[in-house]
file final06.txt (compact mmCIF, C-alpha atoms)
# COMPACT_ATOMS: atom_id res chain seq x y z
CA MET A 58 0.00 0.00 0.00
CA THR A 59 1.47 3.34 -1.02
CA THR A 60 0.97 6.51 1.05
CA PRO A 61 1.10 10.24 0.11
CA SER A 62 4.69 10.38 1.38
CA ASP A 63 5.54 7.40 -0.88
CA HIS A 64 4.06 9.39 -3.73
CA GLU A 65 6.32 12.37 -3.09
CA ARG A 66 9.34 10.10 -2.62
CA PHE A 67 8.53 8.31 -5.89
CA VAL A 68 8.16 11.58 -7.82
CA GLY A 69 11.50 12.76 -6.37
CA LEU A 70 13.29 9.55 -7.38
CA LEU A 71 11.72 9.60 -10.83
CA GLU A 72 12.82 13.21 -11.28
CA GLU A 73 16.36 12.23 -10.32
CA HIS A 74 16.46 9.29 -12.75
CA ARG A 75 14.16 10.61 -15.48
CA GLY A 76 16.81 10.03 -18.15
CA ILE A 77 16.44 6.24 -17.75
CA LEU A 78 12.86 6.36 -19.03
CA TYR A 79 13.89 8.15 -22.18
CA LYS A 80 17.02 6.05 -22.81
CA VAL A 81 15.17 2.74 -22.48
CA ALA A 82 12.30 4.01 -24.65
CA PHE A 83 14.82 5.20 -27.24
CA THR A 84 16.59 1.82 -27.24
CA TYR A 85 13.45 -0.26 -27.78
CA CYS A 86 11.13 2.05 -29.67
CA ARG A 87 12.44 3.68 -32.82
CA ARG A 88 9.12 5.24 -33.78
CA ARG A 89 9.09 8.58 -31.98
CA GLU A 90 5.31 8.73 -31.94
CA ASP A 91 5.15 5.47 -29.93
CA ARG A 92 7.64 6.50 -27.24
CA PRO A 93 5.16 8.52 -25.15
CA ASP A 94 2.97 5.42 -24.93
CA LEU A 95 5.90 3.28 -23.80
CA ILE A 96 7.13 5.90 -21.29
CA GLN A 97 3.66 6.11 -19.83
CA GLU A 98 3.47 2.32 -19.43
CA MET A 99 6.90 2.28 -17.76
CA THR A 100 5.93 5.08 -15.38
CA VAL A 101 2.64 3.46 -14.37
CA GLN A 102 4.34 0.09 -13.82
CA LEU A 103 7.11 1.71 -11.74
CA TRP A 104 4.48 3.32 -9.51
CA ARG A 105 2.47 0.09 -9.22
CA SER A 106 5.62 -1.80 -8.20
CA PHE A 107 6.99 0.92 -5.92
CA ASP A 108 5.63 -0.63 -2.71
CA ARG A 109 7.83 -3.68 -3.47
CA PHE A 110 10.98 -1.57 -3.76
CA ASP A 111 12.82 -2.42 -0.54
CA GLY A 112 15.92 -0.31 -1.10
CA ARG A 113 18.31 -3.28 -1.06
CA ALA A 114 19.28 -2.50 -4.64
CA LYS A 115 19.92 1.02 -5.94
CA PHE A 116 16.77 2.72 -7.22
CA SER A 117 18.34 3.09 -10.67
CA THR A 118 19.04 -0.69 -10.83
CA TRP A 119 15.45 -1.51 -9.85
CA MET A 120 14.17 1.13 -12.26
CA TYR A 121 16.19 -0.33 -15.13
CA ARG A 122 14.75 -3.80 -14.45
CA ILE A 123 11.18 -2.58 -14.60
CA ALA A 124 11.71 -0.17 -17.48
CA MET A 125 13.46 -2.85 -19.56
CA ASN A 126 10.87 -5.49 -18.76
CA VAL A 127 8.06 -3.18 -19.82
CA ALA A 128 9.98 -2.00 -22.91
CA ILE A 129 10.84 -5.53 -24.09
CA SER A 130 7.23 -6.64 -23.65
CA PHE A 131 6.10 -3.51 -25.51
CA HIS A 132 8.63 -4.11 -28.28
CA ARG A 133 7.61 -7.75 -28.67
CA SER A 134 3.92 -6.96 -28.80
CA GLU A 135 4.33 -3.84 -30.93
CA ARG A 136 3.43 -5.43 -34.24
CA ARG A 137 0.39 -7.14 -32.71
CA ARG A 138 -0.80 -4.01 -30.98
CA ILE A 139 -3.67 -1.87 -32.15
CA ARG A 140 -2.42 1.66 -31.74
CA ASP A 141 -4.34 4.06 -29.56
CA ALA A 142 -6.39 6.36 -31.72
CA VAL A 143 -6.15 9.27 -29.32
CA PRO A 144 -2.93 11.17 -28.58
CA ILE A 145 -1.59 10.57 -25.09
CA ASP A 146 0.59 12.67 -22.84
CA THR A 147 4.17 11.76 -22.08
CA ALA A 148 4.01 11.06 -18.36
CA GLY A 149 5.19 14.61 -17.72
CA LEU A 150 8.38 14.46 -19.84
CA ASP A 151 9.16 16.85 -22.70
CA LEU A 152 10.51 14.38 -25.25
CA ALA A 153 11.05 16.75 -28.18
CA ALA A 154 14.09 18.34 -26.54
CA ALA A 155 15.53 14.90 -25.71
CA ASP A 156 14.96 13.74 -29.30
CA ARG A 157 17.01 16.71 -30.50
CA VAL A 158 19.87 15.75 -28.18
CA MET A 159 19.91 12.22 -29.61
CA ASP A 160 19.73 13.57 -33.18
CA GLU A 161 22.84 15.63 -32.48
CA ALA A 162 24.81 12.75 -30.91
CA GLY A 163 28.23 11.85 -32.37
CA GLU A 164 28.29 9.96 -35.68
CA ASP A 165 29.77 6.79 -34.16
CA LEU A 166 27.13 6.69 -31.43
CA ARG A 167 24.34 7.20 -33.94
CA THR A 168 25.80 4.39 -36.07
CA LEU A 169 25.76 2.06 -33.06
CA LEU A 170 22.19 3.03 -32.17
CA ARG A 171 21.08 2.43 -35.76
CA ARG A 172 22.72 -1.01 -35.77
CA MET A 173 21.09 -1.87 -32.45
CA GLU A 174 17.67 -1.53 -34.09
CA ALA A 175 18.28 -4.90 -35.78
CA TRP A 176 19.54 -6.61 -32.62
CA ASP A 177 17.62 -8.88 -30.28
CA GLU A 178 16.16 -7.42 -27.09
CA MET A 179 18.77 -8.84 -24.69
CA SER A 180 21.76 -7.58 -26.70
CA ARG A 181 20.26 -4.09 -26.68
CA ALA A 182 19.82 -4.30 -22.90
CA LEU A 183 23.44 -5.40 -22.41
CA VAL A 184 24.87 -2.61 -24.57
CA LEU A 185 22.67 0.08 -23.01
CA LEU A 186 23.68 -0.93 -19.48
CA HIS A 187 27.33 -1.19 -20.55
CA LEU A 188 27.23 2.33 -22.04
CA GLU A 189 25.60 3.52 -18.82
CA GLY A 190 28.73 2.40 -17.00
CA TYR A 191 27.29 -0.52 -15.04
CA ARG A 192 29.79 -3.19 -13.97
CA HIS A 193 29.31 -6.71 -15.35
CA GLU A 194 28.09 -7.88 -11.95
CA GLU A 195 25.41 -5.16 -11.82
CA ILE A 196 24.34 -5.88 -15.41
CA GLY A 197 24.01 -9.54 -14.43
CA GLN A 198 21.73 -8.57 -11.53
CA ILE A 199 19.47 -6.48 -13.75
CA ILE A 200 19.29 -8.98 -16.62
CA GLY A 201 19.36 -12.08 -14.42
CA VAL A 202 22.40 -13.90 -15.83
CA SER A 203 25.84 -14.64 -14.38
CA THR A 204 28.68 -12.12 -14.47
CA ALA A 205 30.67 -14.50 -16.70
CA ASN A 206 27.78 -14.66 -19.20
CA VAL A 207 27.59 -10.87 -19.33
CA ALA A 208 31.33 -10.65 -20.05
CA THR A 209 31.15 -13.36 -22.73
CA ARG A 210 28.15 -11.83 -24.47
CA LEU A 211 29.60 -8.30 -24.42
CA HIS A 212 32.86 -9.67 -25.82
CA ARG A 213 30.95 -11.29 -28.70
CA ILE A 214 29.04 -8.07 -29.35
CA ARG A 215 32.31 -6.11 -29.49
CA GLU A 216 33.85 -8.62 -31.92
CA ARG A 217 30.80 -8.67 -34.15
CA LEU A 218 30.57 -4.89 -34.17
CA GLN A 219 34.24 -4.61 -35.11
CA ARG A 220 33.89 -7.17 -37.92
CA GLU A 221 30.85 -5.40 -39.34
CA LEU A 222 32.57 -2.03 -39.33
CA ASP A 223 35.83 -3.34 -40.79
CA ARG A 224 33.92 -4.85 -43.71
CA PRO A 225 34.38 -2.66 -46.83
CA MET B 137 34.40 2.05 -33.54
CA GLU B 138 35.10 0.63 -30.07
CA LEU B 139 32.33 0.13 -27.57
CA GLU B 140 34.55 1.53 -24.82
CA ALA B 141 35.27 4.68 -26.81
CA LEU B 142 31.56 5.26 -27.29
CA LYS B 143 31.04 5.49 -23.55
CA ALA B 144 32.48 9.03 -23.60
CA GLN B 145 30.05 10.07 -26.36
CA TRP B 146 27.22 8.41 -24.46
CA ASP B 147 28.17 10.21 -21.22
CA ALA B 148 28.13 13.57 -23.00
CA CYS B 149 24.76 12.74 -24.53
CA ASP B 150 23.44 11.55 -21.16
CA ARG B 151 24.34 14.85 -19.45
CA ARG B 152 22.54 16.85 -22.16
CA LEU B 153 19.57 14.50 -22.00
CA THR B 154 19.17 14.98 -18.26
CA GLU B 155 19.36 18.76 -18.73
CA SER B 156 16.81 18.72 -21.55
CA LEU B 157 14.25 16.48 -19.86
CA HIS B 158 11.90 18.28 -17.52
CA LEU B 159 9.34 16.52 -15.42
CA ASN B 160 5.89 18.07 -15.26
CA ALA B 161 4.56 17.03 -11.83
CA ARG B 162 0.92 17.72 -12.73
CA LEU B 163 1.05 15.49 -15.82
CA LEU B 164 2.97 12.84 -13.88
CA ARG B 165 0.27 12.71 -11.18
CA ALA B 166 -2.39 12.31 -13.87
CA THR B 167 -0.36 9.46 -15.37
CA LEU B 168 -0.02 7.66 -12.03
CA GLU B 169 -3.76 7.80 -11.56
CA ALA B 170 -4.32 6.35 -15.05
CA ARG B 171 -4.13 2.73 -13.92
CA SER B 172 -5.75 1.68 -17.17
CA ARG B 173 -2.43 2.38 -18.87
CA ALA B 174 -0.58 -0.34 -16.94
CA PRO B 175 1.12 -3.05 -19.02
CA LEU B 176 -0.89 -6.29 -19.50
CA ARG B 177 -4.12 -4.41 -18.71
CA TRP B 178 -5.94 -5.72 -21.78
CA LEU B 179 -4.66 -9.24 -21.29
CA GLY B 180 -5.96 -9.37 -17.70
CA ALA B 181 -9.30 -7.85 -18.67
CA GLY B 182 -9.67 -10.30 -21.57
CA ILE B 183 -8.97 -13.31 -19.35
CA VAL B 184 -11.52 -12.13 -16.76
CA VAL B 185 -14.16 -11.83 -19.49
CA GLU B 186 -13.31 -15.36 -20.73
CA LEU B 187 -13.46 -16.65 -17.14
CA VAL B 188 -16.89 -15.14 -16.48
CA LEU B 189 -18.31 -16.43 -19.78
CA SER B 190 -16.84 -19.92 -19.21
CA ALA B 191 -18.22 -20.03 -15.64
CA LEU B 192 -21.69 -18.98 -16.82
CA LEU B 193 -21.66 -21.61 -19.57
CA VAL B 194 -20.43 -24.33 -17.17
CA VAL B 195 -23.34 -23.54 -14.82
CA ALA B 196 -25.89 -23.34 -17.67
CA LEU B 197 -24.70 -26.59 -19.25
CA GLY B 198 -24.62 -28.26 -15.82
CA GLY B 199 -28.26 -27.26 -15.39
CA PHE B 200 -29.10 -28.61 -18.85
CA VAL B 201 -27.44 -31.96 -18.05
CA ALA B 202 -29.35 -32.22 -14.75
CA ASP B 203 -32.65 -31.46 -16.52
CA HIS B 204 -32.06 -34.11 -19.20
CA ILE B 205 -30.24 -36.71 -17.13
CA ARG B 206 -32.56 -39.49 -18.43
CA GLU B 207 -32.07 -38.52 -22.08
CA PRO B 208 -28.54 -39.55 -23.15
CA ARG B 209 -28.99 -38.15 -26.67
CA PHE B 210 -29.14 -34.64 -25.12
CA VAL B 211 -26.85 -35.28 -22.17
CA LEU B 212 -23.95 -36.46 -24.34
CA PRO B 213 -23.59 -33.30 -26.52
CA ALA B 214 -24.13 -31.11 -23.42
CA LEU B 215 -21.41 -33.01 -21.54
CA VAL B 216 -18.98 -32.55 -24.44
CA LEU B 217 -19.62 -28.80 -24.38
CA ASP B 218 -19.48 -28.70 -20.57
CA LEU B 219 -16.10 -30.46 -20.52
CA ALA B 220 -14.74 -27.98 -23.08
CA MET B 221 -15.98 -25.08 -20.94
CA ILE B 222 -14.56 -26.60 -17.73
CA ALA B 223 -11.19 -26.93 -19.49
CA MET B 224 -11.45 -23.29 -20.59
CA LEU B 225 -12.33 -22.25 -17.03
CA GLY B 226 -9.25 -24.09 -15.71
CA VAL B 227 -6.98 -22.45 -18.26
CA CYS B 228 -8.40 -19.01 -17.39
CA ILE B 229 -7.74 -19.56 -13.66
CA HIS B 230 -4.23 -20.80 -14.46
CA GLN B 231 -3.55 -17.68 -16.55
CA LEU B 232 -4.92 -15.30 -13.91
CA VAL B 233 -2.74 -16.94 -11.21
CA ALA B 234 0.30 -16.64 -13.51
CA LEU B 235 -0.58 -13.01 -14.25
CA ALA B 236 -0.99 -12.17 -10.55
CA ARG B 237 2.51 -13.55 -9.87
CA ILE B 238 4.12 -11.32 -12.49
CA ASP B 239 6.48 -8.86 -10.85
CA PHE B 240 8.12 -6.42 -13.25
CA GLY B 241 10.93 -5.93 -10.73
CA THR B 242 12.14 -9.50 -11.43
CA PRO B 243 15.42 -9.80 -13.40
CA VAL B 244 14.75 -9.35 -17.11
CA VAL B 245 15.44 -12.90 -18.36
CA ALA B 246 13.25 -14.52 -15.67
CA LEU B 247 10.31 -12.15 -16.19
CA GLN B 248 10.45 -12.32 -19.99
CA ARG B 249 10.43 -16.12 -19.72
CA GLU B 250 7.29 -16.00 -17.55
CA LEU B 251 5.58 -13.60 -19.95
CA GLU B 252 6.52 -15.71 -22.96
CA ARG B 253 5.27 -18.90 -21.31
CA LEU B 254 2.00 -17.12 -20.67
CA ARG B 255 1.94 -16.10 -24.32
CA VAL B 256 2.55 -19.72 -25.40
CA LEU B 257 -0.43 -20.77 -23.27
CA ARG B 258 -2.62 -18.05 -24.85
CA ILE B 259 -1.58 -19.13 -28.34
CA ARG B 260 -2.40 -22.76 -27.47
CA VAL B 261 -5.84 -21.72 -26.17
CA THR B 262 -6.51 -19.79 -29.41
CA GLN B 263 -5.40 -22.75 -31.54
CA TRP B 264 -7.53 -25.25 -29.62
CA THR B 265 -10.53 -22.92 -29.64
CA PHE B 266 -10.39 -22.61 -33.42
CA VAL B 267 -9.71 -26.30 -33.95
CA LEU B 268 -12.56 -27.41 -31.65
CA ALA B 269 -15.11 -24.77 -32.70
CA PRO B 270 -16.13 -26.50 -35.96
CA LEU B 271 -16.40 -29.82 -34.10
CA LEU B 272 -18.49 -28.36 -31.28
CA TRP B 273 -20.91 -26.65 -33.63
CA THR B 274 -23.18 -29.71 -33.99
CA PRO B 275 -23.49 -30.53 -30.24
CA MET B 276 -24.06 -26.81 -29.63
CA LEU B 277 -26.92 -26.75 -32.16
CA ILE B 278 -28.54 -29.80 -30.50
CA VAL B 279 -28.31 -28.24 -27.03
CA LEU B 280 -29.44 -24.77 -28.15
CA LEU B 281 -32.49 -26.15 -29.98
CA ARG B 282 -33.38 -28.32 -26.98
CA ALA B 283 -33.13 -25.25 -24.72
CA VAL B 284 -35.96 -23.70 -26.79
CA ARG B 285 -37.87 -27.01 -26.60
CA VAL B 286 -37.01 -28.20 -30.10
CA ASP B 287 -35.74 -31.74 -30.59
CA ALA B 288 -32.94 -31.50 -33.17
CA TYR B 289 -33.04 -35.27 -33.73
CA ALA B 290 -36.71 -35.02 -34.69
CA VAL B 291 -36.64 -31.91 -36.88
CA LEU B 292 -33.25 -32.41 -38.55
CA PRO B 293 -32.43 -35.51 -40.58
CA ALA B 294 -29.69 -37.72 -39.11
CA ALA B 295 -27.73 -37.30 -42.35
CA TRP B 296 -27.81 -33.52 -41.88
CA LEU B 297 -26.35 -33.80 -38.36
CA ALA B 298 -23.70 -36.30 -39.51
CA GLY B 299 -22.90 -34.05 -42.48
CA ASN B 300 -22.39 -31.08 -40.16
CA LEU B 301 -19.96 -33.08 -38.07
CA ALA B 302 -18.08 -34.17 -41.19
CA VAL B 303 -17.93 -30.58 -42.48
CA GLY B 304 -16.61 -29.53 -39.05
CA ILE B 305 -13.77 -32.05 -39.30
CA ALA B 306 -13.01 -31.01 -42.89
CA ALA B 307 -13.05 -27.33 -41.87
CA ILE B 308 -10.00 -27.73 -39.58
CA PRO B 309 -7.32 -28.14 -42.31
CA VAL B 310 -9.12 -25.53 -44.44
CA LEU B 311 -9.03 -23.06 -41.54
CA LEU B 312 -5.30 -23.72 -41.00
CA TRP B 313 -4.62 -23.26 -44.72
CA VAL B 314 -6.58 -19.98 -44.80
CA ALA B 315 -4.75 -18.73 -41.69
CA ARG B 316 -1.35 -19.47 -43.26
CA ARG B 317 -2.28 -17.81 -46.53
CA MET B 318 -4.16 -14.81 -45.19
CA ALA B 319 -2.01 -13.49 -42.31
CA ALA B 320 0.13 -11.32 -44.59
CA ARG B 321 -2.99 -9.68 -46.06
CA PHE B 322 -4.04 -8.24 -42.71
CA GLN B 323 -1.08 -5.91 -42.19
CA GLY B 324 -3.45 -3.01 -41.62
CA ALA B 325 -5.16 -4.92 -38.81
CA PRO B 326 -2.47 -6.20 -36.40
CA TRP B 327 -5.05 -7.93 -34.20
CA LEU B 328 -6.39 -10.01 -37.09
CA GLN B 329 -2.90 -10.70 -38.39
CA GLY B 330 -1.87 -11.85 -34.90
CA LEU B 331 -4.90 -14.13 -34.71
CA MET B 332 -4.05 -15.71 -38.08
CA ASP B 333 -0.42 -16.15 -36.97
CA ASP B 334 -1.62 -17.79 -33.73
CA ILE B 335 -3.89 -20.24 -35.58
CA ALA B 336 -1.29 -21.04 -38.24
CA GLY B 337 1.37 -21.70 -35.57
CA ARG B 338 3.75 -18.91 -36.61
CA SER B 339 3.38 -17.12 -33.25
CA LEU B 340 4.20 -20.34 -31.43
CA ILE B 341 7.40 -20.83 -33.42
CA GLU B 342 8.41 -17.23 -32.69
CA ALA B 343 7.61 -17.57 -28.96
CA ARG B 344 9.61 -20.79 -28.69
CA SER B 345 12.52 -19.16 -30.50
CA PHE B 346 12.53 -16.32 -27.95
CA LEU B 347 12.37 -18.81 -25.05
CA GLY B 348 15.32 -20.60 -26.68
CA GLN B 349 17.26 -17.33 -26.89
CA LEU B 350 16.65 -16.66 -23.18
CA ALA B 351 17.79 -20.18 -22.26
CA ASP B 352 20.93 -19.80 -24.41
CA LEU B 353 21.71 -16.47 -22.75
CA GLU B 354 21.40 -18.04 -19.29
CA ARG B 355 23.70 -20.90 -20.32
CA GLY B 356 26.22 -18.47 -21.78
CA GLU B 357 25.81 -19.84 -25.30
CA GLU B 358 25.42 -17.78 -28.45
CA PRO B 359 21.65 -17.09 -28.57
CA ARG B 360 20.11 -18.82 -31.61
CA GLY B 361 18.68 -16.47 -34.17
CA ALA B 362 19.82 -13.40 -32.22
CA VAL B 363 21.75 -10.48 -33.66
CA PRO B 364 24.63 -10.07 -33.09

call {"tool": "encode", "arguments": {"input": "final06.txt", "output": "structure tokens"}}
result
Amino acid sequence: MTTPSDHERFVGLLEEHRGILYKVAFTYCRRREDRPDLIQEMTVQLWRSFDRFDGRAKFSTWMYRIAMNVAISFHRSERRRIRDAVPIDTAGLDLAAADRVMDEAGEDLRTLLRRMEAWDEMSRALVLLHLEGYRHEEIGQIIGVSTANVATRLHRIRERLQRELDRP
Amino acid sequence: MELEALKAQWDACDRRLTESLHLNARLLRATLEARSRAPLRWLGAGIVVELVLSALLVVALGGFVADHIREPRFVLPALVLDLAMIAMLGVCIHQLVALARIDFGTPVVALQRELERLRVLRIRVTQWTFVLAPLLWTPMLIVLLRAVRVDAYAVLPAAWLAGNLAVGIAAIPVLLWVARRMAARFQGAPWLQGLMDDIAGRSLIEARSFLGQLADLERGEEPRGAVP
């Protein structure tokens, strides 16, 4: 059961980590017009799960788990989904400014993000968390695989990326 | 392009993102109150509707069986329908229990596996519903007519009833063929396309492939069919 003080605490934490919502939505949802829908689903699910957040893990770690779980489910059901006919708000985030920041990102980063569009959901999660600076152990806790598996998979992603870019 | 080198570009981007994103507390509060926007909302609502309909039909068919207990020619088709509805009721309860256990704070691989297993179950229910529907049509007609005090065996020739059953059996491969051929034509209607994919078995193949990828990732093997 959440209380008014929980509500204020939640809003404060969400404000602090608001970038995660956008970054996960950007990683799994290339259509800009669908991102508000995804961000809203992530926000509602975070709030619904907030009473189960016990503080043992960092809020950002817990938030990544929920945001990624919602985003992967959204991504997988996207082609089966009937789009909402009415425009929806963006859970209080101004996304246009954030879209401009991503449009102006370095060429190499944009190349990587474009390539990631063709990748499977788990590889995207691994790369996003790696770029975010999480240690292999922390990535393993969010994804739910061993630290060794995270290292192996990231190594394969690096090799594959290098091979693709070296190809004339 | 090295993944490590991109971290610096990502960090710079991240700082600008945080500066550019502003949270509107009023809109956020409105979002948090909009519980209807929670993930899986339609799935849960759909299962509850199926559960209520199945329960009502189980009770109605049970009543019909009790009323005609001395007339096997009516009891038999009603029992067939009742068993199908009891099975549907069981599957609905199973799905609702699975849905209630879903915690989005669970590590990604474990939660996605649970969601995909639930999806496999839903696809199976859809397949069985469409396979059994043509076969259940004849018993349903007998029971429905009897409910309005008409004896189907008396008003319809036996050959007509047998023919309906035969057409029902023949309709199954035709339905599967149509589903396989037609799915691509419903690109403008994702729901219908999904239904055709479910019936034709394409959704099941895709769901099993994803479950395989998750298992491979857990084992530390190269996920099959995954890129990279």

call {"tool": "atom_distance", "arguments": {"input": "final06.txt", "atom1": "atom CA of Ala148 of chain B", "atom2": "atom CA of Met159 of chain A"}}
result
10.6 Å

call {"tool": "residues_near_point", "arguments": {"input": "final06.txt", "point": "(-26.0, -27.5, -29.4)", "cutoff": "10 Å", "atoms": "only C-alpha atoms", "output": "PyMOL selection string"}}
result
chain B and resi 210+213-214+216-217+272-283+288

call {"tool": "closest_residue", "arguments": {"input": "final06.txt", "among": "B:Leu142, B:Val233, B:Val211, B:Leu153", "to": "His74 of chain A", "atoms": "only C-alpha atoms"}}
result
B:Leu153

call {"tool": "interface_residues", "arguments": {"input": "final06.txt", "of": "chain A", "to": "chain B", "cutoff": "6 Å", "atoms": "only C-alpha atoms", "output": "list in words"}}
result
Gly76, Glu98, Val101, Gln102, Arg122, Ile123, Asn126, Arg137, Ala148, Gly149, Leu150, Asp151, Ala154, Ala155, Trp176, Asp177, Leu188, Ile199, Ile200, Gly201, Val202 and Asn206 of chain A

call {"tool": "atom_distance", "arguments": {"input": "final06.txt", "atom1": "atom CA of Gly197 of chain A", "atom2": "atom CA of Asp94 of chain A"}}
result
27.9 Å

call {"tool": "closest_residue", "arguments": {"input": "final06.txt", "among": "A:Leu166, A:Ala153, A:Cys86, A:Ala175", "to": "Phe131 of chain A", "atoms": "all atoms listed in the file"}}
result
A:Cys86

call {"tool": "atom_distance", "arguments": {"input": "final06.txt", "atom1": "atom CA of Arg206 of chain B", "atom2": "atom CA of Leu192 of chain B"}}
result
23.3 Å

call {"tool": "axis_aligned_box", "arguments": {"input": "final06.txt", "around": "segment 204-209 of chain A", "padding_each_side": "6 Å", "output": "lines of an AutoDock Vina configuration file"}}
result
center_x = 29.5
center_y = -12.7
center_z = -18.6
size_x = 15.7
size_y = 16.0
size_z = 20.3

call {"tool": "closest_residue", "arguments": {"input": "final06.txt", "among": "B:Arg237, B:Arg316, B:Arg249, B:Ile222", "to": "Ser345 of chain B", "atoms": "all atoms listed in the file"}}
result
B:Arg249

call {"tool": "residues_around", "arguments": {"input": "final06.txt", "residues": "Val261 of chain B", "least_positions_apart": "5", "cutoff": "9 Å", "atoms": "only C-alpha atoms", "output": "list of chain:residue names"}}
result
B:Met224, B:Val227, B:Val256, B:Phe266

call {"tool": "closest_residue", "arguments": {"input": "final06.txt", "among": "B:Glu250, B:Ala351, B:Val195, B:Val201", "to": "Met221 of chain B", "atoms": "only C-alpha atoms"}}
result
B:Val195

call {"tool": "residues_near_point", "arguments": {"input": "final06.txt", "point": "(-9.7, -26.5, -22.3)", "cutoff": "12 Å", "atoms": "all atoms listed in the file", "output": "PyMOL selection string"}}
result
chain B and resi 186-187+190+216-230+257-258+260-269

call {"tool": "build_atoms", "arguments": {"input": "final06.txt", "residues": "segment 196-208 of chain A", "atoms": "N, CA and C atoms", "output": "short mmCIF file (atom, residue, chain, number, x, y, z; two decimals), in the frame of the given file"}}
result
data_model
loop_
_atom_site.label_atom_id
_atom_site.label_comp_id
_atom_site.auth_asym_id
_atom_site.auth_seq_id
_atom_site.Cartn_x
_atom_site.Cartn_y
_atom_site.Cartn_z
N ILE A 196 25.13 -5.55 -14.21
CA ILE A 196 24.34 -5.88 -15.41
C ILE A 196 23.71 -7.26 -15.23
N GLY A 197 24.51 -8.19 -14.68
CA GLY A 197 24.01 -9.54 -14.43
C GLY A 197 22.81 -9.53 -13.49
N GLN A 198 22.85 -8.65 -12.48
CA GLN A 198 21.73 -8.57 -11.53
C GLN A 198 20.47 -8.01 -12.20
N ILE A 199 20.65 -7.06 -13.09
CA ILE A 199 19.47 -6.48 -13.75
C ILE A 199 18.88 -7.47 -14.75
N ILE A 200 19.77 -8.07 -15.56
CA ILE A 200 19.29 -8.98 -16.62
C ILE A 200 18.90 -10.33 -16.04
N GLY A 201 19.65 -10.77 -15.01
CA GLY A 201 19.36 -12.08 -14.42
C GLY A 201 20.21 -13.19 -15.00
N VAL A 202 21.45 -12.87 -15.38
CA VAL A 202 22.40 -13.90 -15.83
C VAL A 202 23.71 -13.72 -15.06
N SER A 203 24.60 -14.71 -15.16
CA SER A 203 25.84 -14.64 -14.38
C SER A 203 26.78 -13.57 -14.94
N THR A 204 27.70 -13.13 -14.07
CA THR A 204 28.68 -12.12 -14.47
C THR A 204 29.51 -12.62 -15.65
N ALA A 205 29.86 -13.92 -15.62
CA ALA A 205 30.67 -14.50 -16.70
C ALA A 205 29.91 -14.44 -18.02
N ASN A 206 28.60 -14.70 -17.97
CA ASN A 206 27.78 -14.66 -19.20
C ASN A 206 27.72 -13.25 -19.77
N VAL A 207 27.63 -12.26 -18.87
CA VAL A 207 27.59 -10.87 -19.33
C VAL A 207 28.90 -10.55 -20.06
N ALA A 208 30.02 -10.94 -19.45
CA ALA A 208 31.33 -10.65 -20.05
C ALA A 208 31.46 -11.34 -21.41
#
